[in-house]
file work.pdb (PDB, C-alpha atoms (C1' of nucleotides))
ATOM      1  CA  MET A   1     -11.045 -10.854  13.446
ATOM      2  CA  THR A   2     -14.690 -10.756  14.295
ATOM      3  CA  SER A   3     -15.806  -8.433  11.583
ATOM      4  CA  GLY A   4     -19.362  -7.798  12.533
ATOM      5  CA  ILE A   5     -20.427  -6.511   9.251
ATOM      6  CA  ASP A   6     -23.593  -4.696   9.819
ATOM      7  CA  GLU A   7     -24.561  -5.965  13.158
ATOM      8  CA  PRO A   8     -24.224  -3.933  16.301
ATOM      9  CA  ALA A   9     -20.728  -3.972  17.677
ATOM     10  CA  PRO A  10     -20.050  -6.692  20.201
ATOM     11  CA  ASP A  11     -19.596  -5.147  23.591
ATOM     12  CA  GLY A  12     -16.111  -3.908  24.157
ATOM     13  CA  ALA A  13     -15.550  -3.516  20.478
ATOM     14  CA  LEU A  14     -13.800  -0.564  18.956
ATOM     15  CA  VAL A  15     -15.697   2.663  19.091
ATOM     16  CA  ALA A  16     -13.615   4.213  16.369
ATOM     17  CA  ASP A  17     -15.276   3.160  13.145
ATOM     18  CA  VAL A  18     -13.964   4.700   9.969
ATOM     19  CA  PHE A  19     -17.199   3.889   8.234
ATOM     20  CA  ASP A  20     -19.027   6.229  10.517
ATOM     21  CA  LYS A  21     -18.999   9.662   8.995
ATOM     22  CA  ASP A  22     -18.526  11.259  12.376
ATOM     23  CA  CYS A  23     -15.501   9.201  13.241
ATOM     24  CA  PRO A  24     -12.518  11.472  13.886
ATOM     25  CA  SER A  25     -10.181   8.784  12.633
ATOM     26  CA  ARG A  26     -11.197   9.721   9.147
ATOM     27  CA  LYS A  27      -9.541  13.094   9.449
ATOM     28  CA  THR A  28      -6.277  11.576  10.556
ATOM     29  CA  MET A  29      -6.477   8.990   7.816
ATOM     30  CA  GLU A  30      -6.927  11.739   5.283
ATOM     31  CA  HIS A  31      -3.968  13.643   6.631
ATOM     32  CA  ILE A  32      -1.795  10.583   6.261
ATOM     33  CA  GLY A  33      -3.283   9.294   3.052
ATOM     34  CA  GLY A  34      -3.501  12.650   1.367
ATOM     35  CA  LYS A  35      -1.348  13.752  -1.478
ATOM     36  CA  TRP A  36       1.507  15.145   0.583
ATOM     37  CA  GLY A  37       1.071  13.524   3.975
ATOM     38  CA  LEU A  38       1.957  10.171   2.593
ATOM     39  CA  LEU A  39       5.090  11.439   0.931
ATOM     40  CA  ALA A  40       6.221  13.464   3.907
ATOM     41  CA  VAL A  41       5.942  10.460   6.200
ATOM     42  CA  ALA A  42       7.681   8.243   3.696
ATOM     43  CA  ALA A  43      10.513  10.727   3.327
ATOM     44  CA  LEU A  44      10.942  11.096   7.069
ATOM     45  CA  ARG A  45      11.004   7.362   7.371
ATOM     46  CA  GLU A  46      14.363   7.314   5.667
ATOM     47  CA  ARG A  47      15.805   9.828   8.073
ATOM     48  CA  PRO A  48      14.963  12.992   9.968
ATOM     49  CA  LEU A  49      15.072  16.011   7.712
ATOM     50  CA  ARG A  50      15.053  19.763   7.856
ATOM     51  CA  PHE A  51      12.253  21.710   6.281
ATOM     52  CA  ASN A  52      13.879  22.619   3.013
ATOM     53  CA  ALA A  53      15.519  19.250   2.661
ATOM     54  CA  LEU A  54      12.079  17.731   3.014
ATOM     55  CA  CYS A  55      10.689  19.996   0.324
ATOM     56  CA  ARG A  56      13.508  18.981  -1.939
ATOM     57  CA  ARG A  57      13.039  15.300  -1.256
ATOM     58  CA  VAL A  58       9.353  15.459  -2.090
ATOM     59  CA  SER A  59       9.496  16.866  -5.556
ATOM     60  CA  GLY A  60       6.619  19.017  -6.661
ATOM     61  CA  VAL A  61       5.467  20.228  -3.278
ATOM     62  CA  SER A  62       5.249  23.912  -2.455
ATOM     63  CA  GLU A  63       6.543  25.255   0.837
ATOM     64  CA  LYS A  64       3.053  26.195   1.827
ATOM     65  CA  MET A  65       1.692  22.705   1.366
ATOM     66  CA  MET A  66       4.627  21.106   3.114
ATOM     67  CA  SER A  67       4.235  23.444   6.025
ATOM     68  CA  GLN A  68       0.527  22.718   6.262
ATOM     69  CA  THR A  69       1.079  19.013   5.974
ATOM     70  CA  LEU A  70       3.715  18.964   8.678
ATOM     71  CA  GLN A  71       1.518  20.900  11.046
ATOM     72  CA  ARG A  72      -1.302  18.448  10.645
ATOM     73  CA  LEU A  73       0.989  15.494  11.068
ATOM     74  CA  GLU A  74       2.547  17.042  14.127
ATOM     75  CA  ARG A  75      -0.870  17.653  15.580
ATOM     76  CA  ASP A  76      -1.826  14.059  14.959
ATOM     77  CA  GLY A  77       1.256  12.918  16.816
ATOM     78  CA  MET A  78       2.979  11.406  13.812
ATOM     79  CA  VAL A  79       5.822  13.858  13.525
ATOM     80  CA  HIS A  80       8.024  15.577  16.042
ATOM     81  CA  ARG A  81       9.264  19.068  15.355
ATOM     82  CA  GLU A  82      12.592  19.978  16.885
ATOM     83  CA  VAL A  83      13.524  23.636  16.895
ATOM     84  CA  ARG A  84      17.097  24.639  17.355
ATOM     85  CA  GLN A  85      17.485  28.271  18.287
ATOM     86  CA  ALA A  86      20.150  29.622  16.043
ATOM     87  CA  ILE A  87      20.839  31.861  13.140
ATOM     88  CA  PRO A  88      20.056  30.729  10.598
ATOM     89  CA  PRO A  89      17.107  28.832  12.088
ATOM     90  CA  HIS A  90      17.425  25.080  12.230
ATOM     91  CA  VAL A  91      14.273  22.986  12.438
ATOM     92  CA  GLU A  92      14.348  19.250  12.145
ATOM     93  CA  TYR A  93      11.421  16.935  11.642
ATOM     94  CA  GLU A  94      11.365  13.297  12.605
ATOM     95  CA  LEU A  95       8.794  10.594  13.060
ATOM     96  CA  THR A  96       7.402   9.785  16.471
ATOM     97  CA  PRO A  97       7.209   6.123  17.493
ATOM     98  CA  LEU A  98       3.616   6.074  16.307
ATOM     99  CA  GLY A  99       4.577   7.779  13.093
ATOM    100  CA  ARG A 100       7.235   5.180  12.525
ATOM    101  CA  LYS A 101       4.717   2.377  12.862
ATOM    102  CA  VAL A 102       2.439   4.106  10.409
ATOM    103  CA  SER A 103       5.300   4.664   8.019
ATOM    104  CA  GLY A 104       5.959   0.951   7.982
ATOM    105  CA  HIS A 105       2.541   0.188   6.577
ATOM    106  CA  LEU A 106       2.817   3.074   4.191
ATOM    107  CA  ALA A 107       6.154   1.872   2.907
ATOM    108  CA  ALA A 108       4.700  -1.576   2.396
ATOM    109  CA  LEU A 109       1.850  -0.072   0.448
ATOM    110  CA  ILE A 110       4.163   1.974  -1.712
ATOM    111  CA  GLY A 111       6.351  -1.033  -2.318
ATOM    112  CA  LEU A 112       3.355  -3.087  -3.307
ATOM    113  CA  LEU A 113       2.246  -0.502  -5.815
ATOM    114  CA  GLU A 114       5.694  -0.127  -7.267
ATOM    115  CA  ASP A 115       6.071  -3.853  -7.619
ATOM    116  CA  ASN A 116       2.757  -4.167  -9.383
ATOM    117  CA  PHE A 117       3.147  -1.089 -11.438
ATOM    118  CA  ASP A 118       3.151  -3.012 -14.682
ATOM    119  CA  ALA A 119      -0.126  -4.668 -13.811
ATOM    120  CA  ILE A 120      -1.612  -1.321 -12.938
ATOM    121  CA  LYS A 121      -0.519   0.215 -16.188
ATOM    122  CA  ALA A 122      -1.970  -2.742 -18.050
ATOM    123  CA  ALA A 123      -5.265  -2.446 -16.212
ATOM    124  CA  GLN A 124      -5.435   1.226 -17.042
ATOM    125  CA  ALA A 125      -4.691   0.642 -20.689
ATOM    126  CA  GLU A 126      -7.361  -2.011 -20.911
ATOM    127  CA  TYR A 127      -9.862   0.168 -19.127
ATOM    128  CA  ASP A 128      -9.184   3.089 -21.416
ATOM    129  CA  GLU A 129      -9.600   0.926 -24.453
ATOM    130  CA  ARG A 130     -12.910  -0.431 -23.282
ATOM    131  CA  SER A 131     -14.138   3.021 -22.434
ATOM    132  CA  GLY A 132     -13.130   4.395 -25.792
ATOM    133  CA  GLU A 133     -10.200   6.455 -24.568
ATOM    134  CA  GLY A 134     -11.686   8.400 -21.704
ATOM    135  CA  ARG A 135      -9.147  10.217 -19.635
TER     136      ARG A 135
ATOM    137  CA  MET B   1      12.342  21.623  -9.815
ATOM    138  CA  THR B   2      13.618  18.139 -10.236
ATOM    139  CA  SER B   3      17.041  18.680 -11.614
ATOM    140  CA  GLY B   4      18.461  20.858 -14.273
ATOM    141  CA  ILE B   5      19.415  17.783 -16.173
ATOM    142  CA  ASP B   6      16.395  16.142 -17.663
ATOM    143  CA  GLU B   7      17.061  12.494 -18.033
ATOM    144  CA  PRO B   8      14.832  10.306 -20.134
ATOM    145  CA  ALA B   9      13.634   7.454 -18.006
ATOM    146  CA  PRO B  10      15.042   4.200 -19.299
ATOM    147  CA  ASP B  11      11.943   2.039 -19.032
ATOM    148  CA  GLY B  12      13.950  -1.108 -18.761
ATOM    149  CA  ALA B  13      15.499   0.002 -15.522
ATOM    150  CA  LEU B  14      12.481   1.957 -14.445
ATOM    151  CA  VAL B  15      12.142   2.138 -10.728
ATOM    152  CA  ALA B  16       8.870   3.725  -9.829
ATOM    153  CA  ASP B  17       9.837   6.408  -7.367
ATOM    154  CA  VAL B  18       6.998   8.100  -5.540
ATOM    155  CA  PHE B  19       9.260  10.960  -4.656
ATOM    156  CA  ASP B  20       9.539  11.857  -8.280
ATOM    157  CA  LYS B  21       6.759  14.242  -9.139
ATOM    158  CA  ASP B  22       6.289  12.626 -12.529
ATOM    159  CA  CYS B  23       5.847   9.160 -11.105
ATOM    160  CA  PRO B  24       2.429   7.808 -12.088
ATOM    161  CA  SER B  25       2.320   5.769  -8.899
ATOM    162  CA  ARG B  26       1.430   8.925  -7.095
ATOM    163  CA  LYS B  27      -1.885   9.136  -8.844
ATOM    164  CA  THR B  28      -2.780   5.623  -7.891
ATOM    165  CA  MET B  29      -1.666   6.251  -4.342
ATOM    166  CA  GLU B  30      -3.930   9.272  -4.185
ATOM    167  CA  HIS B  31      -6.872   7.305  -5.483
ATOM    168  CA  ILE B  32      -6.368   4.737  -2.794
ATOM    169  CA  GLY B  33      -5.373   7.082  -0.016
ATOM    170  CA  GLY B  34      -7.943   9.708  -0.792
ATOM    171  CA  LYS B  35     -10.998  10.448   1.236
ATOM    172  CA  TRP B  36     -13.291   7.895  -0.370
ATOM    173  CA  GLY B  37     -10.951   5.471  -2.070
ATOM    174  CA  LEU B  38      -9.680   4.208   1.218
ATOM    175  CA  LEU B  39     -13.143   3.640   2.586
ATOM    176  CA  ALA B  40     -14.430   1.973  -0.556
ATOM    177  CA  VAL B  41     -11.556  -0.490  -0.556
ATOM    178  CA  ALA B  42     -11.944  -1.147   3.129
ATOM    179  CA  ALA B  43     -15.652  -1.778   2.699
ATOM    180  CA  LEU B  44     -15.139  -4.133  -0.208
ATOM    181  CA  ARG B  45     -12.570  -5.986   1.836
ATOM    182  CA  GLU B  46     -15.311  -7.268   4.068
ATOM    183  CA  ARG B  47     -17.304  -8.608   1.157
ATOM    184  CA  PRO B  48     -18.321  -7.775  -2.401
ATOM    185  CA  LEU B  49     -21.064  -5.210  -2.478
ATOM    186  CA  ARG B  50     -23.538  -3.668  -4.857
ATOM    187  CA  PHE B  51     -23.438  -0.003  -5.618
ATOM    188  CA  ASN B  52     -26.093   1.240  -3.278
ATOM    189  CA  ALA B  53     -25.027  -1.094  -0.522
ATOM    190  CA  LEU B  54     -21.556   0.360  -0.832
ATOM    191  CA  CYS B  55     -22.905   3.886  -0.585
ATOM    192  CA  ARG B  56     -24.785   2.894   2.537
ATOM    193  CA  ARG B  57     -21.773   1.212   4.096
ATOM    194  CA  VAL B  58     -19.606   4.273   3.605
ATOM    195  CA  SER B  59     -21.621   6.832   5.448
ATOM    196  CA  GLY B  60     -21.458  10.363   4.176
ATOM    197  CA  VAL B  61     -20.545   9.665   0.585
ATOM    198  CA  SER B  62     -22.675  10.903  -2.293
ATOM    199  CA  GLU B  63     -23.544   8.646  -5.213
ATOM    200  CA  LYS B  64     -21.544  10.830  -7.490
ATOM    201  CA  MET B  65     -18.385  10.559  -5.446
ATOM    202  CA  MET B  66     -18.767   6.837  -4.976
ATOM    203  CA  SER B  67     -19.241   6.357  -8.681
ATOM    204  CA  GLN B  68     -16.178   8.424  -9.466
ATOM    205  CA  THR B  69     -14.123   6.658  -6.857
ATOM    206  CA  LEU B  70     -15.102   3.233  -8.117
ATOM    207  CA  GLN B  71     -14.261   4.139 -11.678
ATOM    208  CA  ARG B  72     -10.807   5.249 -10.681
ATOM    209  CA  LEU B  73     -10.228   2.169  -8.595
ATOM    210  CA  GLU B  74     -11.444  -0.032 -11.384
ATOM    211  CA  ARG B  75      -9.141   1.694 -13.795
ATOM    212  CA  ASP B  76      -6.225   1.151 -11.458
ATOM    213  CA  GLY B  77      -7.003  -2.535 -11.336
ATOM    214  CA  MET B  78      -7.999  -2.573  -7.672
ATOM    215  CA  VAL B  79     -11.679  -3.285  -8.144
ATOM    216  CA  HIS B  80     -13.612  -5.534 -10.460
ATOM    217  CA  ARG B  81     -17.034  -4.474 -11.692
ATOM    218  CA  GLU B  82     -19.436  -7.269 -12.467
ATOM    219  CA  VAL B  83     -22.563  -6.367 -14.401
ATOM    220  CA  ARG B  84     -25.541  -8.665 -14.361
ATOM    221  CA  GLN B  85     -28.015  -7.924 -17.107
ATOM    222  CA  ALA B  86     -31.363  -7.871 -15.471
ATOM    223  CA  ILE B  87     -34.204  -5.698 -14.387
ATOM    224  CA  PRO B  88     -33.630  -4.132 -12.017
ATOM    225  CA  PRO B  89     -29.943  -3.722 -12.828
ATOM    226  CA  HIS B  90     -27.511  -5.603 -10.652
ATOM    227  CA  VAL B  91     -23.896  -4.506 -10.449
ATOM    228  CA  GLU B  92     -21.503  -5.968  -7.979
ATOM    229  CA  TYR B  93     -18.103  -4.658  -6.998
ATOM    230  CA  GLU B  94     -15.319  -6.745  -5.576
ATOM    231  CA  LEU B  95     -11.615  -6.439  -5.004
ATOM    232  CA  THR B  96      -9.166  -7.854  -7.483
ATOM    233  CA  PRO B  97      -6.271  -9.924  -6.134
ATOM    234  CA  LEU B  98      -4.127  -6.805  -6.209
ATOM    235  CA  GLY B  99      -6.857  -4.824  -4.531
ATOM    236  CA  ARG B 100      -7.068  -7.399  -1.824
ATOM    237  CA  LYS B 101      -3.357  -7.129  -1.112
ATOM    238  CA  VAL B 102      -3.665  -3.389  -0.916
ATOM    239  CA  SER B 103      -6.660  -3.668   1.348
ATOM    240  CA  GLY B 104      -4.610  -5.709   3.756
ATOM    241  CA  HIS B 105      -2.152  -2.916   4.334
ATOM    242  CA  LEU B 106      -4.967  -0.426   4.514
ATOM    243  CA  ALA B 107      -6.769  -2.452   7.119
ATOM    244  CA  ALA B 108      -3.582  -2.702   9.134
ATOM    245  CA  LEU B 109      -3.198   1.035   8.933
ATOM    246  CA  ILE B 110      -6.757   1.645  10.010
ATOM    247  CA  GLY B 111      -6.382  -0.781  12.850
ATOM    248  CA  LEU B 112      -3.206   0.913  13.971
ATOM    249  CA  LEU B 113      -4.911   4.283  14.043
ATOM    250  CA  GLU B 114      -7.913   2.976  15.894
ATOM    251  CA  ASP B 115      -5.722   1.280  18.460
ATOM    252  CA  ASN B 116      -3.751   4.438  19.047
ATOM    253  CA  PHE B 117      -6.678   6.731  18.889
ATOM    254  CA  ASP B 118      -6.275   7.809  22.482
ATOM    255  CA  ALA B 119      -2.677   8.779  21.890
ATOM    256  CA  ILE B 120      -3.687  10.729  18.829
ATOM    257  CA  LYS B 121      -6.387  12.590  20.683
ATOM    258  CA  ALA B 122      -3.907  13.380  23.438
ATOM    259  CA  ALA B 123      -1.357  14.661  20.939
ATOM    260  CA  GLN B 124      -3.980  16.854  19.344
ATOM    261  CA  ALA B 125      -5.102  18.253  22.676
ATOM    262  CA  GLU B 126      -1.553  19.045  23.651
ATOM    263  CA  TYR B 127      -0.836  20.643  20.314
ATOM    264  CA  ASP B 128      -3.938  22.787  20.494
ATOM    265  CA  GLU B 129      -3.032  23.937  23.943
ATOM    266  CA  ARG B 130       0.457  24.922  22.919
ATOM    267  CA  SER B 131      -0.882  26.727  19.881
ATOM    268  CA  GLY B 132      -3.456  28.565  21.897
ATOM    269  CA  GLU B 133      -6.500  26.716  20.707
ATOM    270  CA  GLY B 134      -6.143  26.791  16.959
ATOM    271  CA  ARG B 135      -8.392  24.701  14.793
TER     272      ARG B 135
ATOM    273  C1'  DC C   1      16.470  29.306   6.855
ATOM    274  C1'  DG C   2      11.771  28.444   8.176
ATOM    275  C1'  DG C   3       7.926  29.889   8.096
ATOM    276  C1'  DC C   4       3.129  32.761   7.707
ATOM    277  C1'  DA C   5      -0.388  36.054   5.165
ATOM    278  C1'  DT C   6      -2.748  37.020   1.097
ATOM    279  C1'  DC C   7      -4.759  36.428  -3.296
ATOM    280  C1'  DC C   8      -6.797  33.800  -6.907
ATOM    281  C1'  DG C   9      -7.904  30.107 -10.379
ATOM    282  C1'  DG C  10      -9.397  25.583 -10.784
ATOM    283  C1'  DA C  11     -10.473  21.233  -9.055
ATOM    284  C1'  DA C  12     -13.118  18.674  -5.869
ATOM    285  C1'  DC C  13     -17.315  18.102  -3.676
ATOM    286  C1'  DG C  14     -22.536  17.778  -2.526
ATOM    287  C1'  DA C  15     -27.439  18.175  -3.605
ATOM    288  C1'  DT C  16     -30.680  17.615  -6.830
ATOM    289  C1'  DA C  17     -32.807  16.065 -10.903
ATOM    290  C1'  DC C  18     -33.058  12.964 -14.526
ATOM    291  C1'  DT C  19     -32.308   8.487 -17.439
ATOM    292  C1'  DG C  20     -32.053   3.462 -18.808
TER     293       DG C  20
ATOM    294  C1'  DC D   1     -31.079  -0.164  -9.117
ATOM    295  C1'  DA D   2     -27.213   2.079 -11.027
ATOM    296  C1'  DG D   3     -25.698   5.475 -12.478
ATOM    297  C1'  DT D   4     -25.110  10.407 -15.406
ATOM    298  C1'  DA D   5     -25.878  15.654 -15.872
ATOM    299  C1'  DT D   6     -25.892  19.987 -14.132
ATOM    300  C1'  DC D   7     -25.065  23.547 -10.912
ATOM    301  C1'  DG D   8     -23.448  26.079  -6.963
ATOM    302  C1'  DT D   9     -20.187  26.062  -3.341
ATOM    303  C1'  DT D  10     -16.183  25.034  -0.967
ATOM    304  C1'  DC D  11     -11.548  24.241  -0.513
ATOM    305  C1'  DC D  12      -7.143  22.826  -2.312
ATOM    306  C1'  DG D  13      -2.977  24.384  -3.979
ATOM    307  C1'  DG D  14       0.439  27.566  -6.310
ATOM    308  C1'  DA D  15       2.573  32.194  -6.563
ATOM    309  C1'  DT D  16       4.073  35.976  -4.281
ATOM    310  C1'  DG D  17       5.688  38.798  -0.624
ATOM    311  C1'  DC D  18       6.993  39.667   4.189
ATOM    312  C1'  DC D  19       8.969  38.581   8.784
ATOM    313  C1'  DG D  20      11.908  36.562  12.658
TER     314       DG D  20
END
call {"tool": "encode", "arguments": {"input": "work.pdb", "output": "structure tokens"}}
result
Amino acid sequence: MTSGIDEPAPDGALVADVFDKDCPSRKTMEHIGGKWGLLAVAALRERPLRFNALCRRVSGVSEKMMSQTLQRLERDGMVHREVRQAIPPHVEYELTPLGRKVSGHLAALIGLLEDNFDAIKAAQAEYDERSGEGR
Amino acid sequence: MTSGIDEPAPDGALVADVFDKDCPSRKTMEHIGGKWGLLAVAALRERPLRFNALCRRVSGVSEKMMSQTLQRLERDGMVHREVRQAIPPHVEYELTPLGRKVSGHLAALIGLLEDNFDAIKAAQAEYDERSGEGR
DNA sequence: CGGCATCCGGAACGATACTG
DNA sequence: CAGTATCGTTCCGGATGCCG
């Protein structure tokens, strides 16, 4: 990968540069990387879910936040919202093809963190000790 | 919220589960996935950088936020902080081996988003139209 | 069941100023 | 250069209540 570090982009290079503060990709990244976006995508990766099932799967989330999160993800084309006209209402959420690709990387990231959780805990303990018990 | 039955986590068989609201992995995930954590890691992936260089690379960040972000990442064992006693001060940040692994997945994610940026824009446009020009 | 509207407290954030 | 301190603002997020 020709990572032109601080030189002008080679012609034909990607316009979307996350390091640029005006890059719209940042917004999408934040939606995915944010507290709930990540978990919603990860949960939907296992299987399509209905709204309340999703809330239950992601423990700790409020309905409001889940709703907000899903709207953003739907807008970004990561999630598809399927409404089934009925009483009681039946709405199912599932990943789009793009969302599924994203979820793959996310799952890998989560797996990596879980695998190295001991190392992380150790690093935190050491840091806290050096800093004289900060947070 | 979790379950009526409160089970003590047997640390021996501990499986870090991000879906559990008490799972400490979530915090780390948020540090990495958050607005600035992601960008800091991505920037350091290219090469080790000094504090101000890092601030410059990640456009839009304030010194305060960068400092905070780096401290969290250092505490999580993603970033190593190397201090060189001198005048003027010289502090260099670089990824740890774990941080580098993480950065790989992050870079893949960023690349995926940039590649599909057109699709994302299209999805957003369509969504906005359906919703009657929302945000 | 699947939302949306409203309120409100606190955390996150940014700009600025200051220190070693 | 590499941060910390302080302050004002913004926005996140939870609780509650209502509607289709």
call {"tool": "resolve_selection", "arguments": {"input": "work.pdb", "expression": "the PyMOL selection byres ((chain D and resi 18) around 9)", "output": "PDB file with C-alpha atoms (C1' of nucleotides), in the frame of the given file"}}
result
ATOM      1  C1'  DC C   4       3.129  32.761   7.707  1.00  0.00           C
ATOM      2  C1'  DA C   5      -0.388  36.054   5.165  1.00  0.00           C
TER       3       DA C   5
ATOM      4  C1'  DG D  17       5.688  38.798  -0.624  1.00  0.00           C
ATOM      5  C1'  DC D  19       8.969  38.581   8.784  1.00  0.00           C
TER       6       DC D  19
END
call {"tool": "closest_atom_pairs", "arguments": {"input": "work.pdb", "of": "chain B", "to": "chain C", "cutoff": "9 Å", "atoms": "all atoms listed in the file", "output": "JSON lines"}}
result
{"residue": "B:Val61", "atom": "CA", "partner": "C:DG14", "partner_atom": "C1'", "distance": 8.9}
{"residue": "B:Ser62", "atom": "CA", "partner": "C:DG14", "partner_atom": "C1'", "distance": 6.9}
{"residue": "B:Lys64", "atom": "CA", "partner": "C:DG14", "partner_atom": "C1'", "distance": 8.6}
{"residue": "B:Met65", "atom": "CA", "partner": "C:DC13", "partner_atom": "C1'", "distance": 7.8}
call {"tool": "closest_atom_pairs", "arguments": {"input": "work.pdb", "of": "chain D", "to": "chain B", "cutoff": "10 Å", "atoms": "all atoms listed in the file", "output": "CSV"}}
result
residue,atom,partner,partner_atom,distance
D:DC1,C1',B:Pro89,CA,5.3
D:DA2,C1',B:Pro89,CA,6.7
D:DG3,C1',B:Ser67,CA,7.5
D:DT4,C1',B:Lys64,CA,8.7
call {"tool": "write_last_selection", "arguments": {"input": "work.pdb", "atoms": "C-alpha atoms (C1' of nucleotides)", "output": "PDB file, in the frame of the given file"}}
result
ATOM      1  C1'  DC D   1     -31.079  -0.164  -9.117  1.00  0.00           C
ATOM      2  C1'  DA D   2     -27.213   2.079 -11.027  1.00  0.00           C
ATOM      3  C1'  DG D   3     -25.698   5.475 -12.478  1.00  0.00           C
ATOM      4  C1'  DT D   4     -25.110  10.407 -15.406  1.00  0.00           C
TER       5       DT D   4
END
call {"tool": "closest_residue", "arguments": {"input": "work.pdb", "among": "A:Ser59, A:Met78, A:Ala122, A:His31", "to": "chain B", "atoms": "all atoms listed in the file"}}
result
A:Ser59
call {"tool": "interface_residues", "arguments": {"input": "work.pdb", "of": "chain A", "to": "chain B", "cutoff": "6 Å", "atoms": "only C-alpha atoms", "output": "ChimeraX atom specification"}}
result
/A:16,19-21,30,33-35,58-60,75-77,114,120,123-124,127
call {"tool": "calpha_fit_rmsd", "arguments": {"input": "work.pdb", "fixed": "chain B", "moving": "chain A"}}
result
4.3 Å
call {"tool": "atom_distance", "arguments": {"input": "work.pdb", "atom1": "CA of Cys55 in chain B", "atom2": "C1' of DC11 in chain D"}}
result
23.3 Å
call {"tool": "axis_aligned_box", "arguments": {"input": "work.pdb", "around": "range 60-77 of chain A", "padding_each_side": "4 Å", "output": "AutoDock Vina command-line options"}}
result
--center_x 2.4 --center_y 19.6 --center_z 5.1 --size_x 16.4 --size_y 21.3 --size_z 31.5
call {"tool": "atom_distance", "arguments": {"input": "work.pdb", "atom1": "CA of Thr96 in chain B", "atom2": "CA of Glu82 in chain B"}}
result
11.4 Å
call {"tool": "atom_distance", "arguments": {"input": "work.pdb", "atom1": "CA of Pro48 in chain B", "atom2": "CA of Ser131 in chain A"}}
result
23.1 Å
